[in-house]
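Here's the structure we're looking at; comments come further down.
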Amino acid sequence: MININSLDLNLLKVFHAIYKFRNVTKAANNIGLAQSSMSNALSRLRAQFNDPLFQRSAGGVIPTEKADELAPQIQEVLAHITLMIEPKSFDPVTANDHLVIAASDLAIATLAPILVPALRKKAPKIKLNFVPLDKTNVFEKLDDGSYDIAIGTFKELPARYNRKLLKKEKFVCIASSQHSKLNNKLSLKEFTEKHHVLMTLKADQVGVIDNELKKLGHTRTIAMTCAHFLPLVEVVANSDLIATVPEALAQIAIRAGCDIYHYP
């Protein structure tokens, strides 16, 4: 059991910095400690929590399971202490923050037109920087402060992140109003016989729809893949290809010249 009387709160700052930067030298520079002092502090942290906390890896360190468990608690403690020492109220009118938001092109296209006018009215000095969402390094970017917010679908999220469900999304099928000759109600047979465009960040041609079709004993032909939703819409609107997309894309697809088909 940890004795609270022996816990040096400065060690929590050390833990937070190493966890954030995943590099002891960078963490030391960030909080203004000499390398020797940082190493000493890390040794005391390990003894305090009876765990290695951070293991060496290429280019830095990686947290142990115990460190991942402690991280959100320590961050909360430090936030409370900061509020006690430096109480600060948020005034949107004078706030001059620069927020980096990682999101897909679809999320940007649907969110930015709503968010920007609201911010211009209530928080005119806040600056937004939308960047492409790359799920291969999104957690690393959030941890090192490169991203403030990430918007996307995630199967699992580490406990250290605050998360909020923005909306539940359904899939619809889009097809060109001019080039695709489809019935008003798209059947499974028609769906599987058509050639498809797939939005994916992976090198393969397998999406969630393909996994569901496989369960039903069906397959489909992927004629093209791309990493963005908006070019996909233009391709479908000008060809006989079809695509399965989030319903949020429906209005953009209609404006481009597509018909929308809802799944039963």
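Residue numbers start at 1 in each chain; chains themselves are named A, B, ... in the order of the structure tokens; ligands are numbered from 1 in the order shown.
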
Name all residues at most 8 Å from Asp148 (chain A) (count only C-alpha atoms; drop same-chain ones fewer than 5 positions away) and give them as a list in words.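 Within the cut-off, the hits are Leu99, Val100, Ile101 and Leu142 of chain A.
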
Just-selected residues, N, CA and C atoms written as an mmCIF file, in the first residue's frame:
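Written out: again17.cif:
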```
data_model
loop_
_atom_site.group_PDB
_atom_site.id
_atom_site.type_symbol
_atom_site.label_atom_id
_atom_site.label_comp_id
_atom_site.auth_asym_id
_atom_site.auth_seq_id
_atom_site.Cartn_x
_atom_site.Cartn_y
_atom_site.Cartn_z
ATOM 1 N N LEU A 99 -7.208 24.996 -31.840
ATOM 2 C CA LEU A 99 -7.590 23.600 -31.686
ATOM 3 C C LEU A 99 -7.269 22.815 -32.955
ATOM 4 N N VAL A 100 -6.588 21.694 -32.783
ATOM 5 C CA VAL A 100 -6.288 20.798 -33.899
ATOM 6 C C VAL A 100 -7.234 19.601 -33.814
ATOM 7 N N ILE A 101 -8.038 19.424 -34.853
ATOM 8 C CA ILE A 101 -9.053 18.372 -34.865
ATOM 9 C C ILE A 101 -8.747 17.398 -35.999
ATOM 10 N N LEU A 142 -2.544 12.310 -29.998
ATOM 11 C CA LEU A 142 -3.307 12.867 -28.882
ATOM 12 C C LEU A 142 -2.433 12.972 -27.633
#
```

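Residues within 7 Å of region 239-245 of chain A, counting only C-alpha atoms and excluding same-chain residues fewer than 2 positions away, are Phe171, Val172, Cys173, Ile174, Ala175, Ser176, His179, Ser180, Lys194, His195, His196, Val197, Leu198, Val235, Val236, Ala237, Glu247 and Leu249 of chain A.
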
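CA of Lys20 (chain A) to CA of Asp144 (chain A) spans 5.2 Å [interatomic distance, one decimal].
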
What lies within 12 Å of region 220-231 of chain A using only C-alpha atoms, ignoring chain neighbours under 4 positions off, as JSON, numbers by chain? {"A": [103, 104, 105, 106, 107, 108, 109, 110, 132, 133, 134, 174, 188, 189, 190, 191, 192, 193, 194, 195, 196, 197, 198, 199, 200, 201, 202, 203, 204, 205, 206, 207, 209, 210, 211, 212, 213, 214, 216, 235, 236, 237, 238, 239, 240, 241, 242, 243, 244, 245, 246, 247, 248, 249, 250, 251, 252, 253, 255, 256]}

So that I can see what lies close to Asn184 (chain A), please list as a list in words the residues with an atom at most 10 Å from it, counting only C-alpha atoms and leaving out residues fewer than 3 positions away in the same chain.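 Contacts, in chain order: Lys181, Ser187, Asp259, Ile260, Tyr261 and His262 of chain A.
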
Next, write the just-selected residues to a file, as a PDB file, in the first residue's frame, keeping N, CA and C atoms as the atom set.
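Done, and the output landed in result_23.pdb:
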```
ATOM      1  N   LYS A 181     -28.814   1.869 -63.627  1.00  0.00           N
ATOM      2  CA  LYS A 181     -30.202   1.480 -63.850  1.00  0.00           C
ATOM      3  C   LYS A 181     -30.629   0.520 -62.739  1.00  0.00           C
ATOM      4  N   SER A 187     -32.388  -4.645 -54.370  1.00  0.00           N
ATOM      5  CA  SER A 187     -32.379  -5.999 -53.815  1.00  0.00           C
ATOM      6  C   SER A 187     -30.950  -6.434 -53.527  1.00  0.00           C
ATOM      7  N   ASP A 259     -28.626   8.992 -56.610  1.00  0.00           N
ATOM      8  CA  ASP A 259     -29.844   8.552 -55.925  1.00  0.00           C
ATOM      9  C   ASP A 259     -29.430   7.809 -54.656  1.00  0.00           C
ATOM     10  N   ILE A 260     -30.319   7.824 -53.659  1.00  0.00           N
ATOM     11  CA  ILE A 260     -30.045   7.189 -52.363  1.00  0.00           C
ATOM     12  C   ILE A 260     -30.949   5.972 -52.222  1.00  0.00           C
ATOM     13  N   TYR A 261     -30.360   4.875 -51.773  1.00  0.00           N
ATOM     14  CA  TYR A 261     -31.086   3.633 -51.534  1.00  0.00           C
ATOM     15  C   TYR A 261     -30.883   3.222 -50.093  1.00  0.00           C
ATOM     16  N   HIS A 262     -31.969   3.115 -49.354  1.00  0.00           N
ATOM     17  CA  HIS A 262     -31.887   2.738 -47.940  1.00  0.00           C
ATOM     18  C   HIS A 262     -31.989   1.221 -47.808  1.00  0.00           C
TER      19      HIS A 262
END
```

Restricting the calculation to only C-alpha atoms: of A:Pro124, A:Pro72, A:Gly32, A:Pro117, which residue gets closest to Thr94 (chain A)?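 Using only C-alpha atoms, Thr94 (chain A) sits closest to A:Pro124.
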
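Residue nearest Gln48 (chain A), chosen from A:Phe15, A:Phe139, A:Tyr147, A:Phe154 and counting only C-alpha atoms: A:Phe15.
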
In terms of the shortest atom-to-atom distance over only C-alpha atoms, which of A:Val14, A:Ile85, A:Arg120, A:Tyr263 is closest to Lys170 (chain A)?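 Between A:Val14, A:Ile85, A:Arg120, A:Tyr263, the residue approaching Lys170 (chain A) most closely is A:Tyr263.
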
Point out the residue among A:Ala102, A:Ile126, A:Ile114, A:Ile81 with the least atom-to-atom distance to Lys141 (chain A), counting only C-alpha atoms.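 Using only C-alpha atoms, the shortest distance to Lys141 (chain A) belongs to A:Ala102.
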
Please extract the residues of region 11-166 of chain A with a backbone DSSP assignment of helix (DSSP H, G or I) and present them as number ranges by chain. A: 11-21, 24-31, 35-49, 65-85, 105-122, 138-143

Could those residues be written to a file, using C-alpha atoms, as a compact mmCIF listing (two decimals), in the first residue's frame?
```txt
# COMPACT_ATOMS: atom_id res chain seq x y z
CA LEU A 11 6.62 12.96 -9.15
CA LEU A 12 3.14 13.05 -10.66
CA LYS A 13 4.29 15.83 -12.98
CA VAL A 14 7.23 13.65 -13.99
CA PHE A 15 4.93 10.70 -14.66
CA HIS A 16 2.54 12.86 -16.72
CA ALA A 17 5.38 14.30 -18.83
CA ILE A 18 6.93 10.90 -19.59
CA TYR A 19 3.52 9.42 -20.37
CA LYS A 20 2.74 12.30 -22.71
CA PHE A 21 6.03 12.44 -24.62
CA VAL A 24 12.44 10.67 -20.92
CA THR A 25 14.69 13.34 -22.45
CA LYS A 26 11.79 15.23 -24.04
CA ALA A 27 9.83 14.97 -20.81
CA ALA A 28 12.78 16.35 -18.82
CA ASN A 29 13.12 19.30 -21.19
CA ASN A 30 9.39 19.98 -20.98
CA ILE A 31 9.30 20.31 -17.20
CA GLN A 35 18.53 14.32 -17.16
CA SER A 36 20.02 13.02 -13.91
CA SER A 37 17.17 14.49 -11.88
CA MET A 38 14.64 12.97 -14.28
CA SER A 39 16.22 9.53 -13.98
CA ASN A 40 16.18 9.82 -10.20
CA ALA A 41 12.54 10.87 -10.22
CA LEU A 42 11.62 7.94 -12.45
CA SER A 43 13.38 5.55 -10.07
CA ARG A 44 11.38 6.98 -7.17
CA LEU A 45 8.16 6.67 -9.16
CA ARG A 46 8.87 3.00 -9.86
CA ALA A 47 9.55 2.36 -6.21
CA GLN A 48 6.47 4.30 -5.15
CA PHE A 49 4.12 2.34 -7.39
CA GLU A 65 -0.35 -1.74 -18.10
CA LYS A 66 -0.05 -0.19 -14.63
CA ALA A 67 1.00 3.15 -16.16
CA ASP A 68 -2.01 3.10 -18.51
CA GLU A 69 -4.21 2.48 -15.48
CA LEU A 70 -2.65 5.33 -13.50
CA ALA A 71 -2.53 7.90 -16.32
CA PRO A 72 -6.15 9.19 -16.27
CA GLN A 73 -6.14 9.31 -12.45
CA ILE A 74 -2.89 11.27 -12.29
CA GLN A 75 -4.06 13.62 -15.02
CA GLU A 76 -7.24 14.28 -13.03
CA VAL A 77 -5.28 14.93 -9.82
CA LEU A 78 -2.97 17.39 -11.59
CA ALA A 79 -5.95 19.15 -13.17
CA HIS A 80 -7.59 19.60 -9.76
CA ILE A 81 -4.37 20.94 -8.24
CA THR A 82 -3.96 23.37 -11.14
CA LEU A 83 -7.50 24.66 -10.62
CA MET A 84 -6.84 25.17 -6.92
CA ILE A 85 -3.65 27.09 -7.54
CA ASP A 105 -13.16 14.43 -44.96
CA LEU A 106 -16.79 13.44 -44.38
CA ALA A 107 -16.70 14.52 -40.73
CA ILE A 108 -15.10 17.82 -41.75
CA ALA A 109 -17.63 18.39 -44.55
CA THR A 110 -20.60 17.79 -42.24
CA LEU A 111 -19.25 19.26 -38.99
CA ALA A 112 -17.33 22.37 -40.11
CA PRO A 113 -20.33 24.16 -41.70
CA ILE A 114 -22.14 23.89 -38.35
CA LEU A 115 -19.21 24.42 -36.01
CA VAL A 116 -17.50 27.36 -37.69
CA PRO A 117 -20.52 29.75 -37.76
CA ALA A 118 -21.26 28.90 -34.11
CA LEU A 119 -17.68 29.62 -33.10
CA ARG A 120 -17.56 32.84 -35.14
CA LYS A 121 -20.58 34.02 -33.19
CA LYS A 122 -19.68 32.86 -29.67
CA VAL A 138 -4.02 8.96 -33.65
CA PHE A 139 -3.41 7.95 -30.02
CA GLU A 140 0.25 8.92 -30.22
CA LYS A 141 -0.75 12.32 -31.64
CA LEU A 142 -3.31 12.87 -28.88
CA ASP A 143 -0.76 11.93 -26.21
```

Nearest residue to Pro63 (chain A) from the set A:Arg22, A:Lys127, A:His218, A:Lys155 (distances using only C-alpha atoms):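 The shortest atom-to-atom distance to Pro63 (chain A) comes from A:Arg22.
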
Separation of CA of Ala159 (chain A) and CA of Thr64 (chain A), in Å? 13.7 Å

DSSP-assigned strand (DSSP E) members of region 38-133 of chain A, reported as a list in words: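 The strand (DSSP E) subset of region 38-133 of chain A is Phe54, Gln55, Arg56, Ser57, Gly60, Val61, Ile62, Pro63, His98, Leu99, Val100, Ile101, Ala102, Ala103, Lys127, Leu128, Asn129, Phe130, Val131 and Pro132 of chain A.
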